[in-house]
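Participant: Structure file model_38.txt, compact mmCIF, C-alpha atoms, is pasted below:
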# COMPACT_ATOMS: atom_id res chain seq x y z
CA MET A 1 -10.68 20.14 26.56
CA GLU A 2 -7.53 18.04 26.10
CA VAL A 3 -7.34 15.11 28.50
CA ALA A 4 -4.95 12.24 29.16
CA PRO A 5 -6.56 8.87 30.04
CA ALA A 6 -4.47 8.64 33.24
CA ASP A 7 -6.16 11.80 34.56
CA ALA A 8 -9.68 11.13 33.34
CA THR A 9 -11.50 9.64 36.33
CA PRO A 10 -15.33 9.50 36.16
CA ASP A 11 -15.54 12.29 38.76
CA TYR A 12 -13.17 14.47 36.74
CA LEU A 13 -15.16 13.90 33.53
CA ASN A 14 -18.45 14.62 35.30
CA GLY A 15 -16.92 17.85 36.58
CA LEU A 16 -15.91 18.85 33.05
CA ALA A 17 -19.43 18.17 31.81
CA GLU A 18 -20.87 20.32 34.60
CA LEU A 19 -18.55 23.14 33.54
CA GLY A 20 -20.02 22.96 30.04
CA VAL A 21 -17.32 20.97 28.21
CA THR A 22 -18.93 19.30 25.20
CA ARG A 23 -15.91 18.05 23.28
CA LEU A 24 -12.98 16.01 24.58
CA SER A 25 -9.63 15.56 22.85
CA LEU A 26 -8.17 12.37 24.24
CA ALA A 27 -4.44 11.59 23.99
CA GLY A 28 -5.00 7.85 23.68
CA LEU A 29 -1.76 7.33 21.68
CA SER A 30 -2.34 3.65 20.88
CA PHE A 31 -4.34 0.53 21.67
CA SER A 32 -1.16 -1.57 21.63
CA PRO A 33 0.41 -2.33 25.06
CA PRO A 34 3.96 -2.64 23.58
CA VAL A 35 3.61 0.74 21.85
CA LEU A 36 2.36 2.39 25.04
CA ARG A 37 5.29 0.91 26.97
CA ALA A 38 7.72 2.17 24.31
CA LEU A 39 6.23 5.65 24.70
CA ASP A 40 6.39 5.37 28.51
CA ALA A 41 2.68 6.22 28.55
CA PRO A 42 1.09 6.48 32.03
CA HIS A 43 -2.03 4.59 30.91
CA SER A 44 -3.00 1.20 29.54
CA ALA A 45 -4.77 0.34 26.29
CA GLU A 46 -7.84 -0.65 28.30
CA ALA A 47 -7.87 2.76 30.00
CA VAL A 48 -8.42 4.48 26.64
CA GLY A 49 -11.65 2.57 26.03
CA ARG A 50 -12.80 3.07 29.63
CA THR A 51 -12.21 6.83 29.38
CA ILE A 52 -14.26 7.06 26.19
CA ASP A 53 -17.12 5.16 27.85
CA ALA A 54 -16.89 7.32 30.98
CA ALA A 55 -16.89 10.55 28.92
CA ARG A 56 -20.03 9.47 27.12
CA ALA A 57 -21.64 8.44 30.39
CA ALA A 58 -20.89 11.94 31.71
CA GLY A 59 -22.73 13.44 28.75
CA ILE A 60 -19.68 14.40 26.65
CA ASP A 61 -20.70 12.77 23.39
CA THR A 62 -17.97 14.14 21.12
CA VAL A 63 -14.64 12.47 21.83
CA ALA A 64 -11.71 13.09 19.49
CA LEU A 65 -8.84 10.63 19.67
CA ASP A 66 -5.12 11.27 19.12
CA LEU A 67 -3.09 8.28 17.88
CA VAL A 68 0.63 8.05 17.13
CA PHE A 69 2.35 6.46 14.14
CA GLY A 70 5.83 6.29 12.62
CA LEU A 71 7.34 4.75 15.75
CA ASP A 72 10.39 2.62 15.01
CA GLY A 73 9.33 -1.01 15.29
CA LEU A 74 5.60 -0.31 14.90
CA SER A 75 4.36 -2.92 12.44
CA LEU A 76 1.68 -2.20 9.89
CA GLY A 77 -0.44 -4.91 11.53
CA THR A 78 -0.25 -3.23 14.93
CA TRP A 79 -1.05 0.17 13.41
CA ASN A 80 -4.00 -1.36 11.55
CA ALA A 81 -5.33 -2.90 14.78
CA THR A 82 -5.22 0.49 16.54
CA LEU A 83 -7.09 2.18 13.68
CA ARG A 84 -9.70 -0.59 13.61
CA ARG A 85 -10.20 -0.28 17.36
CA ALA A 86 -10.86 3.45 16.97
CA LEU A 87 -13.46 2.68 14.32
CA ALA A 88 -15.10 0.07 16.56
CA LEU A 89 -15.43 2.72 19.29
CA ASP A 90 -17.24 5.00 16.81
CA ILE A 91 -14.86 7.92 17.30
CA PRO A 92 -16.06 10.88 15.17
CA HIS A 93 -12.67 12.60 14.91
CA VAL A 94 -9.23 11.00 14.72
CA SER A 95 -5.88 12.81 14.71
CA ILE A 96 -2.72 10.91 13.85
CA VAL A 97 0.60 12.25 15.12
CA GLU A 98 3.99 11.19 13.80
CA VAL A 99 6.46 10.32 16.55
CA PRO A 100 10.05 11.43 15.85
CA SER A 101 12.00 8.19 15.74
CA ALA A 102 14.57 6.21 13.79
CA ALA A 103 11.88 4.60 11.65
CA PRO A 104 12.69 4.56 7.91
CA GLU A 105 10.88 7.14 5.78
CA ASP A 106 9.21 4.34 3.82
CA THR A 107 7.74 2.94 7.04
CA VAL A 108 6.32 6.33 8.03
CA ALA A 109 4.85 6.78 4.55
CA ASP A 110 3.31 3.28 4.67
CA HIS A 111 1.68 4.08 8.02
CA MET A 112 0.27 7.35 6.67
CA GLU A 113 -0.98 5.72 3.48
CA HIS A 114 -2.63 2.94 5.48
CA ALA A 115 -4.41 5.47 7.71
CA LEU A 116 -5.68 7.27 4.61
CA SER A 117 -6.99 3.98 3.23
CA VAL A 118 -8.62 2.65 6.41
CA LEU A 119 -10.18 5.90 7.59
CA GLY A 120 -11.16 6.96 4.07
CA ALA A 121 -12.95 3.65 3.46
CA ALA A 122 -14.82 4.18 6.75
CA GLY A 123 -16.15 7.55 5.56
CA TYR A 124 -13.71 9.87 7.32
CA GLU A 125 -12.69 13.07 5.53
CA HIS A 126 -8.97 13.87 5.55
CA TYR A 127 -9.57 17.60 5.95
CA SER A 128 -6.17 18.60 7.35
CA LEU A 129 -2.73 17.00 7.36
CA SER A 130 -3.16 14.83 10.45
CA HIS A 131 -6.91 15.20 11.06
CA PHE A 132 -9.76 12.96 9.94
CA ALA A 133 -13.45 13.51 10.66
CA ARG A 134 -16.77 11.95 9.88
CA PRO A 135 -19.05 14.23 7.78
CA GLY A 136 -20.07 17.25 9.83
CA ARG A 137 -17.68 16.42 12.68
CA ARG A 138 -14.62 18.50 11.82
CA SER A 139 -12.91 20.36 14.65
CA ALA A 140 -14.06 24.00 14.69
CA HIS A 141 -10.85 24.92 16.51
CA GLN A 142 -8.67 23.20 13.90
CA GLU A 143 -10.46 24.91 11.03
CA HIS A 144 -10.12 28.28 12.78
CA TYR A 145 -6.40 27.57 13.18
CA ASP A 146 -6.20 26.57 9.49
CA ARG A 147 -7.71 29.95 8.57
CA HIS A 148 -4.85 31.63 10.46
CA GLY A 149 -7.19 32.74 13.20
CA ALA A 150 -6.12 34.03 16.60
CA PHE A 151 -6.31 31.65 19.54
CA LEU A 152 -5.56 31.52 23.26
CA GLY A 153 -3.87 28.48 24.79
CA LEU A 154 -4.43 27.83 28.50
CA GLY A 155 -2.20 25.65 30.66
CA PRO A 156 1.48 24.67 30.89
CA GLY A 157 3.22 24.64 27.51
CA ALA A 158 0.16 26.03 25.70
CA VAL A 159 0.79 28.26 22.67
CA SER A 160 -1.21 31.38 21.76
CA PHE A 161 -1.38 33.56 18.63
CA ARG A 162 -2.79 37.08 18.26
CA TRP A 163 -2.93 39.61 15.43
CA ASP A 164 -1.68 43.00 16.63
CA ASP A 165 -4.03 45.08 14.47
CA GLY A 166 -6.26 42.40 13.00
CA PRO A 167 -5.76 40.00 10.07
CA ASP A 168 -6.63 42.68 7.49
CA ALA A 169 -4.21 45.39 8.67
CA SER A 170 -1.31 46.54 6.51
CA PRO A 171 1.45 45.73 7.17
CA LEU A 172 0.53 42.55 9.02
CA ARG A 173 1.91 42.09 12.52
CA ALA A 174 1.22 39.37 15.05
CA ARG A 175 2.62 37.75 18.17
CA ARG A 176 3.01 34.14 19.24
CA TRP A 177 3.83 33.14 22.80
CA ALA A 178 4.25 29.90 24.70
CA ASN A 179 3.58 29.29 28.37
CA ALA A 180 6.16 27.77 30.69
CA GLU A 181 6.11 24.00 30.17
CA ALA A 182 6.83 22.88 33.74
CA LEU A 183 3.75 22.91 35.96
CA ASP A 184 5.65 24.37 38.95
CA ALA A 185 7.06 27.23 36.87
CA TYR A 186 3.65 27.89 35.30
CA ALA A 187 1.94 28.01 38.72
CA GLU A 188 4.65 30.21 40.24
CA ARG A 189 4.28 32.79 37.48
CA ILE A 190 0.51 33.00 37.90
CA GLN A 191 0.66 33.07 41.71
CA GLY A 192 3.21 35.87 41.48
CA GLY A 193 0.92 37.92 39.26
CA GLU A 194 3.11 37.39 36.18
CA SER A 195 2.25 36.27 32.68
CA PRO A 196 2.73 32.50 32.31
CA ALA A 197 4.43 33.09 28.95
CA ALA A 198 8.03 31.89 28.84
CA SER A 199 8.72 33.06 25.27
CA CYS A 200 7.20 35.49 22.78
CA ASP A 201 7.92 36.11 19.08
CA ALA A 202 6.95 39.14 17.04
CA LEU A 203 5.93 38.23 13.48
CA GLY A 204 5.97 40.53 10.47
CA THR A 205 4.31 40.18 7.07
CA PRO A 206 7.01 37.92 5.50
CA ASP A 207 6.90 35.55 8.50
CA LEU A 208 3.11 35.43 8.41
CA ALA A 209 3.07 34.80 4.65
CA ARG A 210 5.35 31.79 5.06
CA GLU A 211 3.23 30.56 7.94
CA TYR A 212 0.07 30.88 5.86
CA VAL A 213 1.67 28.78 3.10
CA LEU A 214 2.65 26.14 5.65
CA ILE A 215 -0.81 26.02 7.24
CA ARG A 216 -2.90 26.02 4.08
CA LEU A 217 -0.90 23.37 2.23
CA GLN A 218 -1.95 20.96 4.97
CA THR A 219 -5.65 21.44 4.26
CA LEU A 220 -7.98 19.66 1.88
CA GLU A 221 -9.14 23.00 0.42
CA GLY A 222 -5.58 24.18 -0.26
CA LEU A 223 -3.75 27.51 -0.44
CA SER A 224 -5.52 30.50 -1.98
CA LEU A 225 -3.09 32.39 -4.19
CA ARG A 226 -5.40 35.42 -4.17
CA ILE A 227 -5.46 35.65 -0.36
CA LEU A 228 -1.71 35.08 -0.22
CA ARG A 229 -1.16 37.94 -2.69
CA ASP A 230 -3.75 40.42 -1.40
CA ARG A 231 -3.39 39.92 2.35
CA TYR A 232 0.18 38.68 2.74
CA ASP A 233 1.82 40.56 -0.14
CA LEU A 234 3.30 37.39 -1.65
CA ASP A 235 2.74 36.44 -5.30
CA LEU A 236 3.60 32.75 -5.26
CA ARG A 237 3.30 32.39 -9.04
CA THR A 238 5.98 35.04 -9.45
CA ALA A 239 8.17 33.77 -6.60
CA ALA A 240 7.95 30.03 -7.35
CA GLY A 241 6.16 29.57 -10.67
CA ALA A 242 8.69 27.12 -12.11
CA LEU A 243 8.52 24.94 -9.02
CA LEU A 244 4.70 24.97 -9.07
CA ASP A 245 4.81 23.80 -12.70
CA GLN A 246 7.17 20.96 -11.75
CA LEU A 247 4.89 19.86 -8.92
CA ARG A 248 1.85 19.98 -11.19
CA ASP A 249 3.59 17.94 -13.90
CA ALA A 250 4.60 15.36 -11.27
CA ASN A 251 0.92 15.05 -10.20
CA LEU A 252 1.70 16.40 -6.73
CA ILE A 253 -0.59 19.45 -6.96
CA HIS A 254 -3.86 19.90 -8.83
CA GLU A 255 -4.15 21.99 -11.97
CA ASP A 256 -5.82 25.15 -10.64
CA PRO A 257 -5.00 28.80 -11.42
CA ASP A 258 -6.31 30.09 -8.08
CA LEU A 259 -5.27 27.39 -5.60
CA VAL A 260 -2.29 25.26 -4.68
CA ARG A 261 -3.97 22.06 -3.56
CA LEU A 262 -2.14 18.79 -3.04
CA THR A 263 -3.20 15.64 -4.86
CA PRO A 264 -3.63 12.40 -2.86
CA ARG A 265 -0.05 11.50 -3.85
CA GLY A 266 1.16 14.95 -2.85
CA ARG A 267 -0.50 14.72 0.56
CA LEU A 268 1.79 11.81 1.42
CA LEU A 269 4.70 14.21 0.86
CA THR A 270 3.23 17.32 2.50
CA ASP A 271 6.21 18.12 4.72
CA ALA A 272 8.77 17.70 1.93
CA LEU A 273 6.73 19.76 -0.55
CA THR A 274 6.18 22.51 2.01
CA ARG A 275 9.92 22.69 2.68
CA ARG A 276 10.62 22.96 -1.06
CA LEU A 277 8.13 25.78 -1.51
CA LEU A 278 9.27 27.72 1.54
CA SER A 279 12.95 27.38 0.58
CA SER A 280 12.13 28.93 -2.82
CA LEU A 281 10.69 32.12 -1.28
Can I see the file as structure tokens?
Facilitator:
Amino acid sequence: MEVAPADATPDYLNGLAELGVTRLSLAGLSFSPPVLRALDAPHSAEAVGRTIDAARAAGIDTVALDLVFGLDGLSLGTWNATLRRALALDIPHVSIVEVPSAAPEDTVADHMEHALSVLGAAGYEHYSLSHFARPGRRSAHQEHYDRHGAFLGLGPGAVSFRWDDGPDASPLRARRWANAEALDAYAERIQGGESPAASCDALGTPDLAREYVLIRLQTLEGLSLRILRDRYDLDLRTAAGALLDQLRDANLIHEDPDLVRLTPRGRLLTDALTRRLLSSL
């Protein structure tokens, strides 16, 4: 269950526990009051810690924390303090989310590199682009998403994805839809007996192949060229072999005939490398 600290009263958290919720994803954002004010967050830094304590008191032991970086004006010292506070709270899963801002690219890269250093030294595994977990504490949902699995999103603005005939059909077809973002519009649709979806896209095999490339390049395990060829009908070695050689020679991807897997240096440039590969297809 995704929860914002401003909504997470002890009674609410106890109710979630009674419903069977065992894992909480908390949009804490930051432990810095100036950063929270810049984001116009409806909660304080102290409220994040109180919510974590209240969740554990309610019996929800697994709390994942979302933190933001890349904000213009966010110093490396402030970012470090937020990461250290998360460690002190013994959070088993940390997601870091880049905030679109006017911050220089070097600043964003420094923040990402610092997170890799701090969380890596504390024993966290960087298993997906923005996700870090202690051993055995990866997000099952995130890994299902990273395998291109179907999922149902509930609530305003939630996104869903479904294979039309299954992930092994030929040709591949799938749909993605997004619910109305405004709470009033979402509620009106449901009360009127309508689908809450405000948009829906039909995806064919080429779209799904590109999406698989995008998803798998973000993971620690990397992109399987065999799966991409056999399931998605895309031979990446044929389509972008010269580019793959360039990336390998630049130490941005590992030397592997079956996988495209980013090196630690390459992972700092995941978005840029993904754009280069997709533009070559």
Participant: Which residues are near region 178-194 of chain A? Cut-off 9 Å, all atoms listed in the file, ignore same chain within fewer than 2 positions. Put them as a list in words.
Facilitator: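 Listed by chain and then number, they are Gly153, Leu154, Gly155, Pro156, Gly157, Ala158, Val159, Ser160, Arg176, Pro196, Ala197, Ala198, Ser199 and Cys200 of chain A.
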Participant: Between CA of Gly28 (chain A) and CA of Leu67 (chain A), what distance in Å does the model show, to one decimal?
Facilitator: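 Between these atoms lies a distance of 6.1 Å.
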Participant: CA of Ala240 (chain A) to CA of Ser280 (chain A): how many Å, to one decimal?
Facilitator: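 Straight-line distance from CA of Ala240 (chain A) to CA of Ser280 (chain A) works out to 6.3 Å.
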Participant: In Å, how far is it from CA of Asp207 (chain A) to CA of Leu236 (chain A)?
Facilitator: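 Calculated distance between CA of Asp207 (chain A) and CA of Leu236 (chain A) is 14.4 Å.
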Participant: Which neighbours of Pro100 (chain A) fall inside 10 Å, counting all atoms listed in the file, when residues of the same chain fewer than 6 positions from it are skipped, and could you give them as a list in words?
Facilitator: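 With the cut-off at 10 Å, the set is Phe69, Gly70, Leu71 and Asp72 of chain A.
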Participant: Quick one: residues within 12 Å of Asp245 (chain A), only C-alpha atoms, excluding same-chain residues fewer than 5 positions away - as a PDB file with C-alpha atoms, in the frame of the given file?
Facilitator:
ATOM      1  CA  LEU A 236       3.600  32.750  -5.260  1.00  0.00           C
ATOM      2  CA  ARG A 237       3.300  32.390  -9.040  1.00  0.00           C
ATOM      3  CA  THR A 238       5.980  35.040  -9.450  1.00  0.00           C
ATOM      4  CA  ALA A 240       7.950  30.030  -7.350  1.00  0.00           C
ATOM      5  CA  ALA A 250       4.600  15.360 -11.270  1.00  0.00           C
ATOM      6  CA  ASN A 251       0.920  15.050 -10.200  1.00  0.00           C
ATOM      7  CA  LEU A 252       1.700  16.400  -6.730  1.00  0.00           C
ATOM      8  CA  ILE A 253      -0.590  19.450  -6.960  1.00  0.00           C
ATOM      9  CA  HIS A 254      -3.860  19.900  -8.830  1.00  0.00           C
ATOM     10  CA  GLU A 255      -4.150  21.990 -11.970  1.00  0.00           C
ATOM     11  CA  ASP A 256      -5.820  25.150 -10.640  1.00  0.00           C
ATOM     12  CA  PRO A 257      -5.000  28.800 -11.420  1.00  0.00           C
ATOM     13  CA  VAL A 260      -2.290  25.260  -4.680  1.00  0.00           C
ATOM     14  CA  LEU A 277       8.130  25.780  -1.510  1.00  0.00           C
TER      15      LEU A 277
END
Participant: Within 8 Å of (-3.7, 36.2, 11.3) in the file's own coordinates, which protein, DNA or RNA residues have an atom, counting only C-alpha atoms? List them as a list in words.
Facilitator: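 All residues meeting the 8 Å criterion around (-3.7, 36.2, 11.3) are Arg147, His148, Gly149, Ala150, Arg162, Trp163, Gly166, Pro167, Leu172, Ala174 and Leu208 of chain A.
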Participant: Identify, on the basis of all atoms listed in the file, every residue whose closest approach to Glu125 (chain A) does not exceed 9 Å; exclude the query and any residue fewer than 2 positions from it along the same chain; express the result as JSON, numbers by chain.
Facilitator: {"A": [119, 120, 123, 127, 128, 131, 132, 133, 134, 135, 138, 220]}
Participant: When distances are computed from all atoms listed in the file, which of A:Ala102, A:Leu83, A:Leu16, A:Ala41 shows the smallest separation from Arg56 (chain A)?
Facilitator: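 Once distances to Arg56 (chain A) are computed over all atoms listed in the file, the minimum belongs to A:Leu16.
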Participant: Choose the residue, out of A:His93, A:Asp61, A:His43, A:Thr205, that has the smallest atom-to-atom separation from Ala140 (chain A); count only C-alpha atoms.
Facilitator: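 That would be A:His93, the residue with the smallest distance to Ala140 (chain A).
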Participant: Calculated over all atoms listed in the file, which of the candidates A:Thr219, A:Ser25, A:Ser117, A:Gln142 has the smallest distance to Leu259 (chain A)?
Facilitator: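 Counting all atoms listed in the file, the residue closest to Leu259 (chain A) is A:Thr219.
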Participant: Choose the residue, out of A:Leu36, A:Ile227, A:Ile52, A:Val213, that has the smallest atom-to-atom separation from Pro5 (chain A); count only C-alpha atoms.
Facilitator: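 Counting only C-alpha atoms, the residue closest to Pro5 (chain A) is A:Ile52.
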Participant: Which of these, A:Ala58, A:Ala64, A:Val3, A:Leu74, has the shortest distance to Leu39 (chain A) once you count all atoms listed in the file?
Facilitator: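 Counting all atoms listed in the file, the residue closest to Leu39 (chain A) is A:Leu74.
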Participant: Between A:Leu217, A:Ala202, A:Leu278, A:Ala242, which has the minimum distance to Arg261 (chain A) (counting all atoms listed in the file)?
Facilitator: A:Leu217
Participant: Excluding region 87-90 of chain A and residues on its chain fewer than 5 positions from it, collect all residues at most 10 Å away from it, counting only C-alpha atoms, and give them as number ranges by chain.
Facilitator: A: 49, 52-53, 63, 81-82, 118-119, 122, 134
